[in-house]
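Coordinates from coords-v1.tsv are shown below (TSV, C-alpha atoms and all ligand atoms).
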chain	number	residue	atom	x	y	z
I	158	MET	CA	21.27	-39.19	8.29
I	159	SER	CA	20.68	-38.39	11.93
I	160	LYS	CA	21.66	-40.86	14.64
I	161	PRO	CA	18.92	-40.20	17.16
I	162	ASP	CA	19.71	-43.06	19.50
I	163	SER	CA	23.02	-41.53	20.56
I	164	ASN	CA	23.76	-38.29	22.36
I	165	VAL	CA	20.88	-37.83	24.74
I	166	LEU	CA	21.29	-34.28	26.02
I	167	ILE	CA	18.30	-34.13	28.38
I	168	ALA	CA	16.69	-37.32	29.61
I	169	GLU	CA	12.93	-37.83	29.72
I	170	SER	CA	12.93	-37.85	33.53
I	171	GLU	CA	14.82	-34.54	33.66
I	172	ILE	CA	12.39	-32.96	31.23
I	173	GLN	CA	9.37	-34.15	33.18
I	174	GLN	CA	10.80	-32.91	36.47
I	175	ARG	CA	11.58	-29.49	35.01
I	176	VAL	CA	8.15	-29.21	33.36
I	177	GLY	CA	6.63	-29.87	36.76
I	178	GLU	CA	8.76	-27.15	38.34
I	179	LEU	CA	7.78	-24.67	35.64
I	180	ALA	CA	4.10	-25.54	36.09
I	181	THR	CA	4.37	-24.97	39.83
I	182	GLN	CA	6.03	-21.60	39.32
I	183	ILE	CA	3.58	-20.46	36.63
I	184	SER	CA	0.61	-21.61	38.70
I	185	ALA	CA	1.86	-19.58	41.66
I	186	ASP	CA	2.58	-16.49	39.56
I	187	TYR	CA	-0.88	-16.45	37.96
I	188	ALA	CA	-2.92	-17.55	40.97
I	189	GLY	CA	-5.93	-15.30	41.48
I	190	LYS	CA	-5.47	-13.50	38.15
I	191	GLY	CA	-8.58	-14.90	36.52
I	192	GLY	CA	-7.02	-17.38	34.15
I	193	LEU	CA	-4.27	-17.75	31.60
I	194	VAL	CA	-4.23	-18.14	27.82
I	195	LEU	CA	-1.45	-20.50	26.76
I	196	VAL	CA	-0.40	-19.81	23.17
I	197	GLY	CA	1.60	-22.71	21.77
I	198	VAL	CA	3.78	-22.01	18.75
I	199	LEU	CA	3.41	-24.77	16.16
I	200	LYS	CA	4.75	-27.13	15.47
I	201	GLY	CA	7.56	-27.51	17.95
I	202	ALA	CA	5.71	-26.57	21.15
I	203	PHE	CA	2.92	-29.11	20.93
I	204	ILE	CA	4.39	-31.74	23.25
I	205	PHE	CA	5.77	-29.29	25.81
I	206	LEU	CA	2.47	-27.41	25.83
I	207	ALA	CA	0.52	-30.65	26.32
I	208	ASP	CA	2.58	-31.62	29.35
I	209	LEU	CA	2.86	-28.13	30.84
I	210	SER	CA	-0.82	-27.29	30.49
I	211	ARG	CA	-1.92	-30.48	32.20
I	212	ARG	CA	0.25	-29.76	35.22
I	213	LEU	CA	-0.97	-26.23	35.86
I	214	THR	CA	-3.35	-25.76	38.78
I	215	ILE	CA	-4.88	-22.47	37.59
I	216	PRO	CA	-7.73	-21.86	35.12
I	217	ARG	CA	-6.27	-21.96	31.60
I	218	VAL	CA	-7.22	-22.25	27.98
I	219	VAL	CA	-5.07	-23.43	25.09
I	220	GLU	CA	-4.57	-21.63	21.78
I	221	PHE	CA	-2.15	-22.28	18.94
I	222	ILE	CA	-0.35	-19.99	16.56
I	223	ALA	CA	1.98	-20.71	13.66
I	224	VAL	CA	4.67	-18.59	12.07
I	225	SER	CA	7.17	-18.98	9.30
I	226	SER	CA	10.61	-17.47	8.92
I	227	TYR	CA	11.59	-15.88	5.67
I	228	GLU	CA	14.70	-17.59	4.38
I	229	SER	CA	17.41	-15.93	2.32
I	230	GLY	CA	19.54	-18.72	0.96
I	231	SER	CA	20.21	-21.12	3.82
I	232	ALA	CA	20.23	-18.43	6.51
I	233	SER	CA	17.20	-16.98	8.21
I	234	SER	CA	16.69	-13.31	7.45
I	235	GLY	CA	15.11	-12.75	10.84
I	236	ALA	CA	11.79	-11.70	9.35
I	237	VAL	CA	8.80	-13.62	10.67
I	238	ARG	CA	5.35	-13.99	9.13
I	239	LEU	CA	2.13	-15.18	10.75
I	240	VAL	CA	0.65	-18.23	9.02
I	241	MET	CA	-2.03	-19.26	11.55
I	242	ASP	CA	-3.61	-17.06	14.18
I	243	VAL	CA	-5.23	-17.80	17.54
I	244	ARG	CA	-9.00	-18.36	17.38
I	245	GLU	CA	-10.18	-16.17	20.25
I	246	SER	CA	-9.41	-12.55	21.05
I	247	ILE	CA	-6.69	-12.13	23.67
I	248	GLU	CA	-7.67	-8.56	24.53
I	249	GLY	CA	-7.60	-8.08	28.28
I	250	LYS	CA	-6.26	-11.60	28.87
I	251	HIS	CA	-3.09	-12.80	30.52
I	252	VAL	CA	-1.09	-14.57	27.78
I	253	LEU	CA	1.84	-16.95	28.02
I	254	VAL	CA	3.60	-17.76	24.74
I	255	VAL	CA	4.94	-21.31	24.90
I	256	GLU	CA	7.88	-22.34	22.71
I	257	ASP	CA	10.02	-25.43	22.47
I	258	ILE	CA	13.18	-23.40	21.79
I	259	VAL	CA	14.39	-19.82	21.53
I	260	ASP	CA	17.41	-19.50	19.26
I	261	THR	CA	17.94	-16.08	17.60
I	262	GLY	CA	14.89	-14.71	19.44
I	263	HIS	CA	13.22	-13.38	16.28
I	264	THR	CA	10.14	-15.60	16.55
I	265	MET	CA	9.44	-14.84	20.21
I	266	HIS	CA	10.15	-11.14	19.73
I	267	TYR	CA	7.70	-10.95	16.85
I	268	LEU	CA	4.96	-12.82	18.71
I	269	MET	CA	5.27	-10.86	21.94
I	270	GLU	CA	5.12	-7.55	20.08
I	271	MET	CA	2.11	-8.68	18.08
I	272	LEU	CA	0.17	-9.98	21.07
I	273	ASN	CA	0.97	-6.87	23.11
I	274	THR	CA	-0.41	-4.62	20.39
I	275	ARG	CA	-3.71	-6.54	20.61
I	276	GLY	CA	-4.25	-5.30	24.15
I	277	ALA	CA	-3.46	-8.35	26.22
I	278	ALA	CA	-3.44	-7.70	29.97
I	279	SER	CA	0.06	-9.20	30.00
I	280	VAL	CA	2.28	-11.18	27.66
I	281	ARG	CA	5.04	-13.41	28.99
I	282	ALA	CA	7.27	-16.02	27.39
I	283	CYS	CA	8.02	-19.62	28.31
I	284	ALA	CA	10.52	-21.81	26.47
I	285	LEU	CA	11.66	-25.31	27.31
I	286	LEU	CA	15.05	-24.57	25.77
I	287	GLN	CA	17.01	-21.39	25.25
I	288	LYS	CA	20.25	-21.36	23.29
I	289	THR	CA	22.96	-19.30	24.94
I	290	GLY	CA	24.99	-16.90	22.85
I	291	CYS	CA	22.68	-17.08	19.82
I	292	ALA	CA	20.39	-14.10	20.42
I	293	GLN	CA	20.11	-11.63	17.52
I	294	VAL	CA	17.32	-9.68	19.15
I	295	GLU	CA	16.79	-8.87	22.80
I	296	VAL	CA	13.84	-10.76	24.25
I	297	ASN	CA	13.19	-11.65	27.86
I	298	ILE	CA	12.10	-15.24	28.43
I	299	ASP	CA	10.23	-15.32	31.72
I	300	TYR	CA	10.26	-19.09	32.16
I	301	VAL	CA	13.14	-21.19	30.79
I	302	GLY	CA	13.41	-24.94	31.19
I	303	PHE	CA	17.04	-25.45	30.20
I	304	GLN	CA	19.84	-23.36	28.71
I	305	ILE	CA	21.76	-25.21	26.01
I	306	GLY	CA	24.72	-24.46	23.77
I	307	ASP	CA	24.59	-23.91	20.02
I	308	LYS	CA	23.71	-27.49	19.07
I	309	TRP	CA	21.11	-28.99	16.75
I	310	VAL	CA	18.64	-30.79	18.97
I	311	VAL	CA	15.67	-33.05	18.26
I	312	GLY	CA	12.94	-34.71	20.28
I	313	TYR	CA	10.13	-33.58	22.59
I	314	GLY	CA	8.65	-31.55	19.74
I	315	LEU	CA	11.87	-30.50	18.02
I	316	ASP	CA	12.62	-31.90	14.59
I	317	TYR	CA	15.26	-32.25	11.96
I	318	ALA	CA	13.53	-32.16	8.55
I	319	GLU	CA	10.32	-33.23	10.33
I	320	GLN	CA	11.99	-36.32	11.83
I	321	ASP	CA	12.39	-37.20	15.51
I	322	ARG	CA	9.76	-34.82	16.92
I	323	THR	CA	8.13	-37.50	19.02
I	324	LEU	CA	11.20	-38.76	20.83
I	325	PRO	CA	10.57	-38.58	24.59
I	326	ASP	CA	13.94	-36.99	25.33
I	327	ILE	CA	16.15	-34.33	23.72
I	328	ARG	CA	19.12	-35.47	21.66
I	329	VAL	CA	21.95	-33.79	19.81
I	330	ILE	CA	22.37	-34.64	16.16
I	331	GLN	CA	24.92	-33.83	13.51
I	332	PRO	CA	22.74	-32.97	10.46
I	333	GLU	CA	25.59	-33.42	8.02
I	334	ASP	CA	26.15	-37.07	9.07
Q	401	LIG	C1	11.71	-23.20	15.77
Q	401	LIG	C2	11.16	-23.06	17.17
Q	401	LIG	C3	10.82	-21.60	17.26
Q	401	LIG	C4	11.86	-20.96	16.38
Q	401	LIG	C5	12.95	-20.38	17.23
Q	401	LIG	O1	10.66	-23.36	14.87
Q	401	LIG	O2	10.03	-23.88	17.38
Q	401	LIG	O3	9.52	-21.33	16.80
Q	401	LIG	O4	12.39	-21.98	15.52
Q	401	LIG	O5	13.95	-19.79	16.45
Q	401	LIG	P1	14.35	-18.27	16.57
Q	401	LIG	O6	14.51	-17.93	18.03
Q	401	LIG	O7	15.66	-18.21	15.82
Q	401	LIG	O8	13.28	-17.44	15.92
Q	401	LIG	P2	10.86	-23.95	13.39
Q	401	LIG	O9	11.01	-22.81	12.44
Q	401	LIG	O10	11.94	-24.97	13.41
Q	401	LIG	O11	9.45	-24.62	13.10
Q	401	LIG	P3	8.71	-25.84	13.84
Q	401	LIG	O12	8.41	-25.40	15.25
Q	401	LIG	O13	7.47	-26.04	13.03
Q	401	LIG	O14	9.63	-27.03	13.80

File written out as structure tokens:
Amino acid sequence: MSKPDSNVLIAESEIQQRVGELATQISADYAGKGGLVLVGVLKGAFIFLADLSRRLTIPRVVEFIAVSSYESGSASSGAVRLVMDVRESIEGKHVLVVEDIVDTGHTMHYLMEMLNTRGAASVRACALLQKTGCAQVEVNIDYVGFQIGDKWVVGYGLDYAEQDRTLPDIRVIQPED
């Protein structure tokens, strides 16, 4: 069982401050570019995307996408498959893929390649969390909230077996407990 009330890694106030900083930076970078399509990656990004999108000061629309990783035994094979697509065409649009966390990089790499091949005007990546030292594929994350070590984290959209997604802060758990 997880022990979600211990081990707060990033407090709610820190998250909210950093989300505001990211929104300010993104708003400045896309000012005058005719709008931004935010593509949230389900499920984990839904809370981050909700907060980030509301703090932007530029024209924006929200889309969602969902992917699944192929598993081989308990380890991820790195192969990613699309299970739900965006609703509107992103051709000619500026796109920002919004993730809760980048770990091996396979998911973000797959999505950025796919969206680029559809003729987006630009495709950038934003992740609240990026694990250091875990990349299996090279992918540049343009906007990163926090770098973290190789820990299992829950809260603010992140789950363990679908639990703890709606915690307001980010906590470290020991799944084997
Ligand atoms: C998590 C996270 C990313 C992906 C990152 O999703 O939300 O989409 O893993 O891992 P990677 O960099 O190794 O590809 P998860 O599969 O846990 O699904 P969820 O968002 O529905 O919880």

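Taking only C-alpha atoms into account, I:Ser210 lies nearest to I:Thr181 out of the set I:Ser234, I:Thr323, I:Thr181, I:Ser246.
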
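With all atoms listed in the file as the atoms that count, the residue of I:Met265, I:Val296, I:Leu193, I:Val255 with the shortest distance to I:Ser226 is I:Met265.
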
Stretch 162-262 of chain I residues near stretch 301-314 of chain I within 10 Å, closest pair each, using only C-alpha atoms, as CSV:
residue,atom,partner,partner_atom,distance
I:Asn164,CA,I:Val310,CA,9.7
I:Val165,CA,I:Val310,CA,9.4
I:Leu166,CA,I:Val310,CA,8.3
I:Ile167,CA,I:Phe303,CA,9.0
I:Glu169,CA,I:Tyr313,CA,8.8
I:Glu171,CA,I:Phe303,CA,10.0
I:Ile172,CA,I:Gly302,CA,8.1
I:Gln174,CA,I:Gly302,CA,9.9
I:Arg175,CA,I:Gly302,CA,6.2
I:Val176,CA,I:Gly302,CA,7.1
I:Glu178,CA,I:Gly302,CA,8.8
I:Leu179,CA,I:Gly302,CA,7.2
I:Leu199,CA,I:Gly314,CA,9.3
I:Lys200,CA,I:Gly314,CA,7.3
I:Gly201,CA,I:Gly314,CA,4.6
I:Ala202,CA,I:Gly314,CA,6.0
I:Phe203,CA,I:Gly314,CA,6.3
I:Ile204,CA,I:Gly314,CA,5.5
I:Phe205,CA,I:Tyr313,CA,6.9
I:Leu206,CA,I:Gly314,CA,9.6
I:Glu256,CA,I:Gly314,CA,9.7
I:Asp257,CA,I:Gly314,CA,6.8
I:Ile258,CA,I:Val301,CA,9.3
I:Val259,CA,I:Val301,CA,9.4
I:Asp260,CA,I:Asp307,CA,8.5

Could you save those same residues with C-alpha atoms as a PDB file, in the coordinates of the input?
ATOM      1  CA  ASN I 164      23.760 -38.290  22.360  1.00  0.00           C
ATOM      2  CA  VAL I 165      20.880 -37.830  24.740  1.00  0.00           C
ATOM      3  CA  LEU I 166      21.290 -34.280  26.020  1.00  0.00           C
ATOM      4  CA  ILE I 167      18.300 -34.130  28.380  1.00  0.00           C
ATOM      5  CA  GLU I 169      12.930 -37.830  29.720  1.00  0.00           C
ATOM      6  CA  GLU I 171      14.820 -34.540  33.660  1.00  0.00           C
ATOM      7  CA  ILE I 172      12.390 -32.960  31.230  1.00  0.00           C
ATOM      8  CA  GLN I 174      10.800 -32.910  36.470  1.00  0.00           C
ATOM      9  CA  ARG I 175      11.580 -29.490  35.010  1.00  0.00           C
ATOM     10  CA  VAL I 176       8.150 -29.210  33.360  1.00  0.00           C
ATOM     11  CA  GLU I 178       8.760 -27.150  38.340  1.00  0.00           C
ATOM     12  CA  LEU I 179       7.780 -24.670  35.640  1.00  0.00           C
ATOM     13  CA  LEU I 199       3.410 -24.770  16.160  1.00  0.00           C
ATOM     14  CA  LYS I 200       4.750 -27.130  15.470  1.00  0.00           C
ATOM     15  CA  GLY I 201       7.560 -27.510  17.950  1.00  0.00           C
ATOM     16  CA  ALA I 202       5.710 -26.570  21.150  1.00  0.00           C
ATOM     17  CA  PHE I 203       2.920 -29.110  20.930  1.00  0.00           C
ATOM     18  CA  ILE I 204       4.390 -31.740  23.250  1.00  0.00           C
ATOM     19  CA  PHE I 205       5.770 -29.290  25.810  1.00  0.00           C
ATOM     20  CA  LEU I 206       2.470 -27.410  25.830  1.00  0.00           C
ATOM     21  CA  GLU I 256       7.880 -22.340  22.710  1.00  0.00           C
ATOM     22  CA  ASP I 257      10.020 -25.430  22.470  1.00  0.00           C
ATOM     23  CA  ILE I 258      13.180 -23.400  21.790  1.00  0.00           C
ATOM     24  CA  VAL I 259      14.390 -19.820  21.530  1.00  0.00           C
ATOM     25  CA  ASP I 260      17.410 -19.500  19.260  1.00  0.00           C
TER      26      ASP I 260
END

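Of the residues under consideration (I:Gly290, I:Gly235, I:Pro216, I:Gly191), I:Gly191 shows the shortest atom-to-atom contact distance to I:Gly249 when counting all atoms listed in the file.
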
**OP:** Identify, on the basis of all atoms listed in the file, every residue whose closest approach to I:Leu239 does not exceed 10 Å; exclude the query and any residue fewer than 3 positions from it along the same chain; express the result as a ChimeraX atom specification.
**Re:** /I:222-226,242,264,267-268,271

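The coordinates place atom CA of I:Val219 at 10.0 Å from atom CA of I:Arg244.
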
Could you give me the axis-aligned bounding box of ligand LIG 401 (chain Q), with 4 Å of padding per side, as centre plus edge lengths in Å to one decimal, as lines of an AutoDock Vina configuration file?
center_x = 11.6
center_y = -22.2
center_z = 15.2
size_x = 16.2
size_y = 17.6
size_z = 13.6

Original post:
In terms of the shortest atom-to-atom distance over all atoms listed in the file, which of I:Met269, I:Leu209, I:Leu195, I:His263 is closest to I:Lys250?
Top reply: I:Leu195

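Atom CA of I:Ile327 is positioned 26.5 Å from atom CA of I:Val252.
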
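Taking atom CA of I:Arg322 and atom CA of I:Glu270 as endpoints, the distance between them is 27.8 Å.
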
Subject >> For I:Val254: contacts at 7 Å, all atoms listed in the file, fewer than 4 positions along chain excluded, given as a PyMOL selection string >> reply: chain I and resi 195-197+281-283

Take the residues that were just selected and, keeping C-alpha atoms, output them as a compact mmCIF listing (two decimals), in the coordinates of the input.
# COMPACT_ATOMS: atom_id res chain seq x y z
CA LEU I 195 -1.45 -20.50 26.76
CA VAL I 196 -0.40 -19.81 23.17
CA GLY I 197 1.60 -22.71 21.77
CA ARG I 281 5.04 -13.41 28.99
CA ALA I 282 7.27 -16.02 27.39
CA CYS I 283 8.02 -19.62 28.31

Original post:
Out of I:Gln173, I:Ser279, I:Ser184, I:Gln287, which residue has the shortest atom-to-atom distance to ligand LIG 401 (chain Q) when counting all atoms listed in the file?
Top reply: I:Gln287
